[in-house]
file target_1.cif (mmCIF, C-alpha atoms and all ligand atoms)
data_work
#
loop_
_atom_site.label_atom_id
_atom_site.label_comp_id
_atom_site.auth_asym_id
_atom_site.auth_seq_id
_atom_site.Cartn_x
_atom_site.Cartn_y
_atom_site.Cartn_z
CA MET M 1004 1.59 -10.84 19.10
CA ALA M 1005 -0.61 -12.46 21.86
CA TRP M 1006 -3.49 -14.21 20.16
CA PRO M 1007 -6.85 -13.92 21.99
CA VAL M 1008 -7.86 -17.36 20.89
CA ARG M 1009 -6.06 -20.32 19.39
CA VAL M 1010 -5.63 -19.45 15.67
CA SER M 1011 -4.28 -21.86 13.11
CA PRO M 1012 -1.10 -20.70 11.29
CA GLY M 1013 -3.06 -20.39 8.01
CA TRP M 1014 -5.64 -18.03 9.48
CA ARG M 1015 -2.88 -16.19 11.37
CA ALA M 1016 -0.99 -15.57 8.12
CA LEU M 1017 -4.20 -14.39 6.47
CA TYR M 1018 -4.89 -11.99 9.35
CA ILE M 1019 -1.37 -10.56 9.29
CA ARG M 1020 -1.50 -10.10 5.53
CA SER M 1021 -4.76 -8.20 5.79
CA VAL M 1022 -3.47 -5.66 8.36
CA THR M 1023 0.10 -5.09 7.21
CA ILE M 1024 1.55 -3.37 4.17
CA PRO M 1025 4.71 -4.67 2.47
CA PHE M 1026 7.49 -2.14 1.81
CA ARG M 1027 10.84 -2.26 0.04
CA LYS M 1028 13.90 -0.31 1.22
CA MET M 1029 15.92 0.76 -1.81
CA HIS M 1030 18.69 3.18 -2.62
CA GLY M 1031 20.62 4.74 -5.46
CA LEU M 1032 24.22 5.32 -4.29
CA GLY M 1033 23.00 5.49 -0.69
CA ASN M 1034 20.20 8.00 -1.41
CA ASP M 1035 17.58 5.84 0.23
CA PHE M 1036 13.88 5.28 -0.13
CA VAL M 1037 10.99 3.46 1.48
CA VAL M 1038 8.85 2.18 -1.40
CA LEU M 1039 5.17 1.25 -1.04
CA ASP M 1040 3.09 -0.23 -3.84
CA ALA M 1041 -0.37 1.29 -4.18
CA ARG M 1042 -1.02 0.03 -7.72
CA ALA M 1043 -3.45 -2.72 -6.69
CA ARG M 1044 -5.23 -0.67 -4.02
CA PRO M 1045 -4.99 2.95 -2.89
CA LEU M 1046 -3.05 3.56 0.32
CA PRO M 1047 -4.41 6.45 2.42
CA ILE M 1048 -1.02 8.03 3.07
CA THR M 1049 -0.94 11.51 4.60
CA PRO M 1050 2.11 13.81 4.55
CA SER M 1051 2.44 13.27 8.29
CA GLY M 1052 2.19 9.51 7.81
CA ALA M 1053 4.95 9.65 5.21
CA ALA M 1054 7.08 11.78 7.50
CA ALA M 1055 6.62 9.30 10.35
CA ILE M 1056 7.79 6.40 8.19
CA ALA M 1057 10.73 8.44 6.91
CA ASP M 1058 11.87 9.28 10.44
CA ARG M 1059 15.25 7.66 11.09
CA HIS M 1060 14.52 7.04 14.78
CA PHE M 1061 10.78 6.46 15.10
CA GLY M 1062 10.17 5.03 11.63
CA ILE M 1063 12.04 3.04 9.01
CA GLY M 1064 14.03 6.09 7.87
CA CYS M 1065 14.71 7.32 4.35
CA ASP M 1066 15.63 10.37 2.27
CA GLN M 1067 12.42 10.12 0.24
CA PHE M 1068 9.19 8.18 0.72
CA ILE M 1069 8.03 6.71 -2.59
CA VAL M 1070 4.56 5.37 -3.48
CA MET M 1071 3.99 3.48 -6.72
CA GLU M 1072 0.58 4.29 -8.22
CA PRO M 1073 -1.02 2.85 -11.37
CA GLY M 1074 0.49 3.94 -14.68
CA THR M 1075 -1.94 5.15 -17.37
CA ASP M 1076 -1.84 6.13 -21.06
CA GLY M 1077 1.77 5.42 -21.87
CA ALA M 1078 3.28 5.38 -18.41
CA ASP M 1079 4.08 2.04 -16.78
CA VAL M 1080 3.88 3.44 -13.25
CA PHE M 1081 3.24 6.73 -11.46
CA MET M 1082 5.83 7.60 -8.81
CA ARG M 1083 4.72 9.83 -5.91
CA ILE M 1084 7.69 11.41 -4.13
CA ARG M 1085 7.65 12.80 -0.61
CA ASN M 1086 10.48 14.22 1.46
CA PRO M 1087 10.94 13.33 5.15
CA ASP M 1088 9.25 16.62 6.04
CA GLY M 1089 6.14 15.43 4.18
CA SER M 1090 6.54 17.85 1.25
CA GLU M 1091 5.94 16.44 -2.24
CA ALA M 1092 8.77 16.65 -4.79
CA GLY M 1093 8.55 16.80 -8.58
CA ALA M 1094 11.65 14.75 -9.27
CA CYS M 1095 13.84 12.10 -7.69
CA GLY M 1096 16.44 10.76 -10.08
CA ASN M 1097 17.81 7.96 -7.91
CA ALA M 1098 14.30 6.74 -7.08
CA THR M 1099 13.35 6.95 -10.76
CA ARG M 1100 15.99 4.32 -11.56
CA CYS M 1101 14.94 2.18 -8.57
CA ILE M 1102 11.22 2.19 -9.43
CA ALA M 1103 11.94 1.61 -13.11
CA SER M 1104 14.03 -1.46 -12.23
CA LEU M 1105 11.18 -2.91 -10.15
CA VAL M 1106 8.60 -2.44 -12.90
CA ALA M 1107 10.95 -3.63 -15.65
CA ASP M 1108 11.90 -6.78 -13.71
CA GLU M 1109 8.21 -7.54 -13.05
CA ALA M 1110 7.43 -7.21 -16.75
CA GLY M 1111 10.63 -8.74 -18.08
CA ALA M 1112 11.20 -5.48 -19.93
CA ASP M 1113 14.35 -3.46 -20.59
CA ARG M 1114 12.60 -0.09 -21.00
CA VAL M 1115 9.82 1.46 -18.94
CA VAL M 1116 8.28 4.90 -18.48
CA VAL M 1117 8.03 6.34 -14.98
CA ARG M 1118 5.55 9.21 -14.62
CA THR M 1119 5.93 11.92 -11.98
CA ILE M 1120 4.03 15.14 -11.40
CA ALA M 1121 6.74 16.78 -13.52
CA GLY M 1122 6.46 14.48 -16.54
CA ASP M 1123 7.22 11.10 -18.13
CA LEU M 1124 10.71 9.68 -17.67
CA PRO M 1125 11.81 6.83 -19.97
CA VAL M 1126 14.31 4.53 -18.26
CA GLU M 1127 16.33 1.75 -19.88
CA ARG M 1128 18.29 -1.17 -18.52
CA LEU M 1129 22.00 -1.19 -19.37
CA PRO M 1130 24.62 -3.92 -18.88
CA GLY M 1131 26.27 -4.28 -15.47
CA GLY M 1132 23.18 -3.47 -13.39
CA LEU M 1133 23.09 0.14 -14.56
CA TRP M 1134 19.97 2.07 -15.56
CA ARG M 1135 19.78 5.17 -17.74
CA ALA M 1136 16.95 7.63 -17.12
CA ASP M 1137 15.97 10.44 -19.45
CA MET M 1138 15.18 13.00 -16.78
CA GLY M 1139 13.56 15.29 -19.32
CA LEU M 1140 14.30 18.86 -20.21
CA ALA M 1141 16.25 21.13 -17.89
CA ARG M 1142 14.09 24.22 -17.34
CA LEU M 1143 16.28 27.34 -17.31
CA GLY M 1144 13.95 30.33 -16.89
CA TRP M 1145 13.60 32.16 -13.57
CA ARG M 1146 9.88 31.33 -13.45
CA ASP M 1147 10.70 27.65 -14.12
CA VAL M 1148 13.01 27.21 -11.15
CA PRO M 1149 11.04 29.11 -9.67
CA LEU M 1150 12.64 32.28 -8.35
CA ALA M 1151 10.84 35.06 -6.49
CA ARG M 1152 11.76 37.72 -9.07
CA GLU M 1153 13.35 38.08 -12.52
CA VAL M 1154 17.01 37.12 -12.15
CA ASP M 1155 19.64 35.73 -14.54
CA THR M 1156 19.50 32.04 -13.59
CA LEU M 1157 23.16 31.68 -14.55
CA HIS M 1158 24.23 34.07 -11.75
CA LEU M 1159 21.97 34.36 -8.72
CA PRO M 1160 22.67 37.20 -6.24
CA LEU M 1161 23.07 34.73 -3.36
CA ALA M 1162 26.00 34.15 -1.00
CA ARG M 1163 26.88 32.63 2.37
CA GLY M 1164 30.45 33.35 3.48
CA GLU M 1165 32.91 32.26 0.76
CA VAL M 1166 30.17 30.49 -1.19
CA ALA M 1167 28.44 32.72 -3.74
CA ASP M 1168 27.00 33.22 -7.24
CA PRO M 1169 25.15 29.96 -7.93
CA ALA M 1170 23.39 28.97 -11.14
CA ALA M 1171 19.83 27.63 -10.96
CA CYS M 1172 17.52 25.43 -13.01
CA SER M 1173 14.65 23.03 -12.56
CA MET M 1174 14.53 19.31 -13.27
CA GLY M 1175 10.90 19.27 -12.18
CA ASN M 1176 12.19 20.41 -8.81
CA PRO M 1177 14.21 23.51 -7.93
CA HIS M 1178 18.03 23.37 -7.84
CA ALA M 1179 20.80 25.88 -7.26
CA THR M 1180 24.42 24.87 -7.91
CA PHE M 1181 27.36 26.67 -6.29
CA PHE M 1182 30.79 26.10 -7.87
CA VAL M 1183 33.56 26.02 -5.26
CA PRO M 1184 37.38 25.58 -5.43
CA ASP M 1185 37.52 23.11 -2.53
CA LEU M 1186 34.40 21.16 -1.54
CA ASP M 1187 35.99 20.00 1.71
CA ARG M 1188 36.09 23.60 2.93
CA VAL M 1189 32.34 24.20 2.45
CA PRO M 1190 30.29 24.00 5.69
CA VAL M 1191 27.30 22.37 3.92
CA ALA M 1192 25.39 21.42 7.09
CA GLU M 1193 25.80 24.96 8.41
CA ILE M 1194 24.79 26.98 5.33
CA GLY M 1195 22.42 24.48 3.68
CA PRO M 1196 19.28 25.23 5.71
CA GLY M 1197 19.45 28.99 5.16
CA LEU M 1198 20.11 28.62 1.44
CA GLU M 1199 17.28 26.06 1.04
CA THR M 1200 14.83 28.54 2.53
CA ASP M 1201 16.25 31.79 1.12
CA PRO M 1202 13.40 34.10 0.01
CA ILE M 1203 14.70 33.99 -3.58
CA PHE M 1204 13.29 30.43 -3.69
CA PRO M 1205 9.50 30.70 -3.13
CA ASP M 1206 9.26 26.87 -3.16
CA ARG M 1207 12.59 26.42 -1.33
CA ALA M 1208 15.36 24.67 -3.29
CA ASN M 1209 17.83 21.81 -3.37
CA ILE M 1210 21.34 23.28 -2.98
CA GLY M 1211 24.31 21.70 -4.75
CA PHE M 1212 28.01 22.41 -4.08
CA ALA M 1213 30.22 21.35 -7.00
CA GLN M 1214 34.00 21.22 -7.39
CA ILE M 1215 35.09 20.91 -11.01
CA LEU M 1216 37.99 18.44 -11.38
CA SER M 1217 38.16 18.42 -15.19
CA PRO M 1218 35.85 19.17 -18.18
CA GLU M 1219 34.51 15.60 -17.72
CA HIS M 1220 34.49 15.19 -13.93
CA MET M 1221 33.19 16.97 -10.84
CA ARG M 1222 32.56 16.30 -7.16
CA LEU M 1223 29.15 17.20 -5.80
CA VAL M 1224 27.49 17.39 -2.40
CA ILE M 1225 23.80 18.27 -2.10
CA TRP M 1226 21.76 19.80 0.68
CA GLU M 1227 18.33 18.48 -0.35
CA ARG M 1228 15.11 20.43 0.13
CA GLY M 1229 13.13 18.82 2.92
CA ALA M 1230 15.77 16.16 3.53
CA GLY M 1231 19.19 17.70 4.28
CA ILE M 1232 22.54 16.27 3.15
CA THR M 1233 22.16 13.03 1.19
CA LEU M 1234 24.80 10.60 -0.07
CA ALA M 1235 23.66 11.23 -3.64
CA CYS M 1236 21.03 13.20 -5.53
CA GLY M 1237 20.08 12.31 -9.08
CA SER M 1238 18.17 15.45 -10.00
CA GLY M 1239 20.89 17.46 -8.25
CA ALA M 1240 23.48 15.80 -10.48
CA CYS M 1241 21.35 16.66 -13.50
CA ALA M 1242 21.21 20.30 -12.39
CA ALA M 1243 24.96 20.38 -11.72
CA MET M 1244 25.68 18.94 -15.19
CA VAL M 1245 23.46 21.54 -16.84
CA ASN M 1246 24.71 24.47 -14.77
CA ALA M 1247 28.37 23.51 -15.21
CA HIS M 1248 28.03 23.35 -18.99
CA ARG M 1249 26.10 26.62 -19.07
CA ARG M 1250 29.01 28.20 -17.21
CA GLY M 1251 31.54 26.72 -19.67
CA LEU M 1252 33.12 24.55 -16.92
CA THR M 1253 32.48 21.14 -18.53
CA GLY M 1254 31.44 19.56 -21.78
CA ARG M 1255 27.99 18.03 -22.18
CA ARG M 1256 29.04 14.76 -20.50
CA ALA M 1257 30.61 14.26 -17.09
CA THR M 1258 31.07 11.80 -14.27
CA ILE M 1259 29.65 13.27 -11.08
CA THR M 1260 31.20 11.88 -7.91
CA MET M 1261 29.06 12.20 -4.80
CA PRO M 1262 29.73 10.77 -1.31
CA GLY M 1263 27.68 7.67 -2.23
CA GLY M 1264 29.30 7.10 -5.62
CA ASP M 1265 29.30 8.12 -9.28
CA LEU M 1266 26.57 9.03 -11.73
CA PHE M 1267 27.27 9.34 -15.44
CA MET M 1268 25.58 12.38 -16.90
CA GLU M 1269 24.85 13.88 -20.28
CA TRP M 1270 23.03 17.10 -21.15
CA ARG M 1271 21.97 16.22 -24.67
CA ALA M 1272 21.89 18.87 -27.38
CA ASP M 1273 18.07 18.62 -27.45
CA GLY M 1274 17.97 19.77 -23.81
CA HIS M 1275 17.18 16.40 -22.23
CA VAL M 1276 19.35 15.27 -19.34
CA LEU M 1277 20.40 11.61 -19.22
CA MET M 1278 21.48 10.09 -15.90
CA THR M 1279 23.06 6.63 -15.60
CA GLY M 1280 23.64 4.80 -12.36
CA PRO M 1281 22.93 1.73 -10.22
CA VAL M 1282 19.96 0.63 -8.12
CA ALA M 1283 19.78 -1.55 -5.01
CA THR M 1284 17.32 -3.14 -2.62
CA ALA M 1285 18.59 -3.16 0.96
CA PHE M 1286 15.70 -5.14 2.52
CA THR M 1287 11.96 -5.71 2.47
CA GLY M 1288 9.47 -5.77 5.32
CA THR M 1289 5.92 -5.03 6.38
CA LEU M 1290 4.31 -2.01 8.01
CA PRO M 1291 1.19 -2.15 10.18
CA ASP M 1292 -1.86 -0.73 8.41
CA SER M 1293 -2.00 1.95 11.10
CA ALA M 1294 1.36 3.34 9.91
CA VAL M 1295 -0.20 4.80 6.78
CA ALA M 1296 -3.77 5.47 7.88
N1 LIG M 1301 17.08 12.53 -3.94
C1 LIG M 1301 16.36 12.96 -5.12
C2 LIG M 1301 16.01 14.42 -5.07
C3 LIG M 1301 14.89 14.69 -4.16
C4 LIG M 1301 14.49 16.10 -4.34
C5 LIG M 1301 13.66 16.60 -3.18
N2 LIG M 1301 14.49 16.82 -2.02
C6 LIG M 1301 12.96 17.90 -3.53
O1 LIG M 1301 12.29 18.44 -2.65
O2 LIG M 1301 13.04 18.34 -4.68
C7 LIG M 1301 17.08 12.66 -6.42
O3 LIG M 1301 17.80 11.65 -6.47
O4 LIG M 1301 16.88 13.41 -7.40
#

call {"tool": "encode", "arguments": {"input": "target_1.cif", "output": "structure tokens"}}
result
Amino acid sequence: MAWPVRVSPGWRALYIRSVTIPFRKMHGLGNDFVVLDARARPLPITPSGAAAIADRHFGIGCDQFIVMEPGTDGADVFMRIRNPDGSEAGACGNATRCIASLVADEAGADRVVVRTIAGDLPVERLPGGLWRADMGLARLGWRDVPLAREVDTLHLPLARGEVADPAACSMGNPHATFFVPDLDRVPVAEIGPGLETDPIFPDRANIGFAQILSPEHMRLVIWERGAGITLACGSGACAAMVNAHRRGLTGRRATITMPGGDLFMEWRADGHVLMTGPVATAFTGTLPDSAVA
């Protein structure tokens, strides 16, 4: 930066701090996030501003753009979730663990509550750098997903080539899960966009492709709404756990192996879905104020 006049390092640091915004680049099993902290002061972030930051070529790049906002009445933090296309999402399991770990480490706590537009998510620290999030109730009704008309959410009349007959549910965001014999034969990048935007999903949907390996283990690849294929998807793993058990394909607990790694899932008898996995910070940096204005 060319300085118009001689400026002492102290004043220069103060100037930079006043016109830049710190960010943290985090991920859960490679499902990656740019995290901004708006708890001390609001950040005027527009959907287009979020999309620009999320752009992998012209911005920092991420699967979801996360803003931490002040927590109130029982929640330690509010987590605002945006996809790279600027759309707001109601759930982001991997980011829930990441944000919880930040807030817990700040407070020296082992349990925090992350609030989203879909509800309050208690998260606890486990040994070995793992975090367990209660992702709340799986919503199973067609209006909950939502679907465009009354349909049995256990068997949707939807198909693309050899892939057909998904189950659907909501984890605060819409998910459909296809069960396939061989995940490596599914052209996810080819059929994902059309399934995401199929008219049966008035709000679009996240599309999971699951291969059951045993009653306690499945592979999963997700085409995410507004983001495309990601290395992992926490809410997608929740939906796959729920839909697999509903179909009688697994018990209530399973390891879900995604390209980025494993999540350990449980659909509890009370309907809550527990998701256990790691968190990571890749790097930190600063954005110019103009990036979010
Ligand atoms: N990656 C996130 C899911 C983002 C969901 C978003 N794509 C939507 O529009 O619902 C997760 O770990 O749950």

call {"tool": "residues_near_ligand", "arguments": {"input": "target_1.cif", "ligand": "ligand LIG 1301 (chain M)", "cutoff": "7 Å", "atoms": "only C-alpha atoms and all ligand atoms", "output": "PyMOL selection string"}}
result
chain M and resi 1034+1066-1067+1086+1090-1098+1176-1177+1208-1209+1227-1230+1235-1239

call {"tool": "atom_distance", "arguments": {"input": "target_1.cif", "atom1": "atom CA of M:Cys1065", "atom2": "atom CA of M:Val1224"}}
result
17.6 Å

call {"tool": "atom_distance", "arguments": {"input": "target_1.cif", "atom1": "atom CA of M:Thr1075", "atom2": "atom CA of M:Thr1049"}}
result
22.9 Å

call {"tool": "closest_residue", "arguments": {"input": "target_1.cif", "among": "M:Leu1046, M:Met1174, M:Leu1234, M:Leu1290", "to": "M:Pro1262", "atoms": "only C-alpha atoms"}}
result
M:Leu1234

call {"tool": "closest_residue", "arguments": {"input": "target_1.cif", "among": "M:Arg1249, M:Ala1121, M:Ala1257, M:Phe1068", "to": "M:His1158", "atoms": "all atoms listed in the file"}}
result
M:Arg1249

call {"tool": "closest_residue", "arguments": {"input": "target_1.cif", "among": "M:Asp1137, M:Phe1267, M:Ala1170, M:Ala1107", "to": "M:Val1154", "atoms": "all atoms listed in the file"}}
result
M:Ala1170

call {"tool": "residues_around", "arguments": {"input": "target_1.cif", "residues": "M:Gly1139", "least_positions_apart": "3", "cutoff": "7 Å", "atoms": "only C-alpha atoms", "output": "PyMOL selection string"}}
result
chain M and resi 1124+1275-1276

call {"tool": "closest_residue", "arguments": {"input": "target_1.cif", "among": "M:Ala1192, M:Ala1162, M:Cys1172, M:Cys1241", "to": "M:Met1278", "atoms": "all atoms listed in the file"}}
result
M:Cys1241

call {"tool": "atom_distance", "arguments": {"input": "target_1.cif", "atom1": "atom CA of M:Val1070", "atom2": "atom CA of M:Ala1285"}}
result
17.0 Å

call {"tool": "closest_residue", "arguments": {"input": "target_1.cif", "among": "M:Thr1023, M:Asn1246, M:Ser1051, M:Ser1011", "to": "M:Gly1288", "atoms": "all atoms listed in the file"}}
result
M:Thr1023

call {"tool": "residues_around", "arguments": {"input": "target_1.cif", "residues": "M:Thr1180", "least_positions_apart": "5", "cutoff": "10 Å", "atoms": "all atoms listed in the file", "output": "PyMOL selection string"}}
result
chain M and resi 1157-1159+1167-1172+1209-1213+1223-1225+1239-1240+1242-1247

call {"tool": "write_last_selection", "arguments": {"input": "target_1.cif", "atoms": "C-alpha atoms", "output": "PDB file, keeping the file's coordinate frame"}}
result
ATOM      1  CA  LEU M1157      23.160  31.680 -14.550  1.00  0.00           C
ATOM      2  CA  HIS M1158      24.230  34.070 -11.750  1.00  0.00           C
ATOM      3  CA  LEU M1159      21.970  34.360  -8.720  1.00  0.00           C
ATOM      4  CA  ALA M1167      28.440  32.720  -3.740  1.00  0.00           C
ATOM      5  CA  ASP M1168      27.000  33.220  -7.240  1.00  0.00           C
ATOM      6  CA  PRO M1169      25.150  29.960  -7.930  1.00  0.00           C
ATOM      7  CA  ALA M1170      23.390  28.970 -11.140  1.00  0.00           C
ATOM      8  CA  ALA M1171      19.830  27.630 -10.960  1.00  0.00           C
ATOM      9  CA  CYS M1172      17.520  25.430 -13.010  1.00  0.00           C
ATOM     10  CA  ASN M1209      17.830  21.810  -3.370  1.00  0.00           C
ATOM     11  CA  ILE M1210      21.340  23.280  -2.980  1.00  0.00           C
ATOM     12  CA  GLY M1211      24.310  21.700  -4.750  1.00  0.00           C
ATOM     13  CA  PHE M1212      28.010  22.410  -4.080  1.00  0.00           C
ATOM     14  CA  ALA M1213      30.220  21.350  -7.000  1.00  0.00           C
ATOM     15  CA  LEU M1223      29.150  17.200  -5.800  1.00  0.00           C
ATOM     16  CA  VAL M1224      27.490  17.390  -2.400  1.00  0.00           C
ATOM     17  CA  ILE M1225      23.800  18.270  -2.100  1.00  0.00           C
ATOM     18  CA  GLY M1239      20.890  17.460  -8.250  1.00  0.00           C
ATOM     19  CA  ALA M1240      23.480  15.800 -10.480  1.00  0.00           C
ATOM     20  CA  ALA M1242      21.210  20.300 -12.390  1.00  0.00           C
ATOM     21  CA  ALA M1243      24.960  20.380 -11.720  1.00  0.00           C
ATOM     22  CA  MET M1244      25.680  18.940 -15.190  1.00  0.00           C
ATOM     23  CA  VAL M1245      23.460  21.540 -16.840  1.00  0.00           C
ATOM     24  CA  ASN M1246      24.710  24.470 -14.770  1.00  0.00           C
ATOM     25  CA  ALA M1247      28.370  23.510 -15.210  1.00  0.00           C
TER      26      ALA M1247
END

call {"tool": "closest_residue", "arguments": {"input": "target_1.cif", "among": "M:Ile1048, M:Leu1161, M:Cys1101, M:Ile1203", "to": "M:Arg1135", "atoms": "all atoms listed in the file"}}
result
M:Cys1101

call {"tool": "residues_around", "arguments": {"input": "target_1.cif", "residues": "stretch 1131-1134 of chain M", "least_positions_apart": "6", "cutoff": "8 Å", "atoms": "all atoms listed in the file", "output": "list in words"}}
result
Arg1100, Ser1104, Thr1279, Gly1280, Pro1281 and Val1282 of chain M

call {"tool": "residues_around", "arguments": {"input": "target_1.cif", "residues": "M:Ala1272", "least_positions_apart": "2", "cutoff": "12 Å", "atoms": "only C-alpha atoms", "output": "list of chain:residue names"}}
result
M:Leu1140, M:Ala1141, M:Val1245, M:His1248, M:Gly1254, M:Arg1255, M:Arg1256, M:Glu1269, M:Trp1270, M:Gly1274, M:His1275, M:Val1276, M:Leu1277

call {"tool": "build_atoms", "arguments": {"input": "target_1.cif", "residues": "stretch 1027-1048 of chain M", "atoms": "N, CA and C atoms", "output": "JSON list (two decimals), in the frame of the given file"}}
result
[["chain", "number", "residue", "atom", "x", "y", "z"],
["M", 1027, "ARG", "N", 9.49, -1.89, 0.50],
["M", 1027, "ARG", "CA", 10.84, -2.26, 0.04],
["M", 1027, "ARG", "C", 11.76, -1.09, 0.33],
["M", 1028, "LYS", "N", 12.89, -1.34, 0.93],
["M", 1028, "LYS", "CA", 13.90, -0.31, 1.22],
["M", 1028, "LYS", "C", 14.94, -0.36, 0.10],
["M", 1029, "MET", "N", 15.02, 0.72, -0.66],
["M", 1029, "MET", "CA", 15.92, 0.76, -1.81],
["M", 1029, "MET", "C", 16.84, 1.98, -1.69],
["M", 1030, "HIS", "N", 17.86, 1.97, -2.56],
["M", 1030, "HIS", "CA", 18.69, 3.18, -2.62],
["M", 1030, "HIS", "C", 19.39, 3.27, -3.97],
["M", 1031, "GLY", "N", 19.75, 4.47, -4.31],
["M", 1031, "GLY", "CA", 20.62, 4.74, -5.46],
["M", 1031, "GLY", "C", 21.85, 5.45, -4.91],
["M", 1032, "LEU", "N", 22.96, 4.74, -4.85],
["M", 1032, "LEU", "CA", 24.22, 5.32, -4.29],
["M", 1032, "LEU", "C", 24.01, 5.82, -2.86],
["M", 1033, "GLY", "N", 23.18, 5.13, -2.10],
["M", 1033, "GLY", "CA", 23.00, 5.49, -0.69],
["M", 1033, "GLY", "C", 21.92, 6.54, -0.46],
["M", 1034, "ASN", "N", 21.37, 7.10, -1.51],
["M", 1034, "ASN", "CA", 20.20, 8.00, -1.41],
["M", 1034, "ASN", "C", 19.02, 7.06, -1.28],
["M", 1035, "ASP", "N", 18.43, 7.00, -0.06],
["M", 1035, "ASP", "CA", 17.58, 5.84, 0.23],
["M", 1035, "ASP", "C", 16.10, 6.16, 0.31],
["M", 1036, "PHE", "N", 15.32, 5.13, 0.05],
["M", 1036, "PHE", "CA", 13.88, 5.28, -0.13],
["M", 1036, "PHE", "C", 13.12, 4.15, 0.54],
["M", 1037, "VAL", "N", 11.97, 4.48, 1.11],
["M", 1037, "VAL", "CA", 10.99, 3.46, 1.48],
["M", 1037, "VAL", "C", 9.96, 3.46, 0.35],
["M", 1038, "VAL", "N", 9.73, 2.29, -0.23],
["M", 1038, "VAL", "CA", 8.85, 2.18, -1.40],
["M", 1038, "VAL", "C", 7.61, 1.38, -1.03],
["M", 1039, "LEU", "N", 6.44, 1.96, -1.21],
["M", 1039, "LEU", "CA", 5.17, 1.25, -1.04],
["M", 1039, "LEU", "C", 4.52, 1.11, -2.40],
["M", 1040, "ASP", "N", 3.74, 0.04, -2.56],
["M", 1040, "ASP", "CA", 3.09, -0.23, -3.84],
["M", 1040, "ASP", "C", 1.59, -0.06, -3.69],
["M", 1041, "ALA", "N", 1.07, 1.01, -4.27],
["M", 1041, "ALA", "CA", -0.37, 1.29, -4.18],
["M", 1041, "ALA", "C", -1.02, 1.08, -5.55],
["M", 1042, "ARG", "N", -0.43, 0.22, -6.39],
["M", 1042, "ARG", "CA", -1.02, 0.03, -7.72],
["M", 1042, "ARG", "C", -2.27, -0.85, -7.67],
["M", 1043, "ALA", "N", -2.28, -1.81, -6.75],
["M", 1043, "ALA", "CA", -3.45, -2.72, -6.69],
["M", 1043, "ALA", "C", -4.58, -2.10, -5.88],
["M", 1044, "ARG", "N", -4.17, -1.33, -4.81],
["M", 1044, "ARG", "CA", -5.23, -0.67, -4.02],
["M", 1044, "ARG", "C", -4.67, 0.61, -3.44],
["M", 1045, "PRO", "N", -5.48, 1.66, -3.41],
["M", 1045, "PRO", "CA", -4.99, 2.95, -2.89],
["M", 1045, "PRO", "C", -4.55, 2.80, -1.43],
["M", 1046, "LEU", "N", -3.50, 3.54, -1.08],
["M", 1046, "LEU", "CA", -3.05, 3.56, 0.32],
["M", 1046, "LEU", "C", -3.29, 4.98, 0.85],
["M", 1047, "PRO", "N", -4.06, 5.10, 1.91],
["M", 1047, "PRO", "CA", -4.41, 6.45, 2.42],
["M", 1047, "PRO", "C", -3.24, 7.09, 3.16],
["M", 1048, "ILE", "N", -2.24, 7.53, 2.41],
["M", 1048, "ILE", "CA", -1.02, 8.03, 3.07],
["M", 1048, "ILE", "C", -1.08, 9.54, 3.18]]
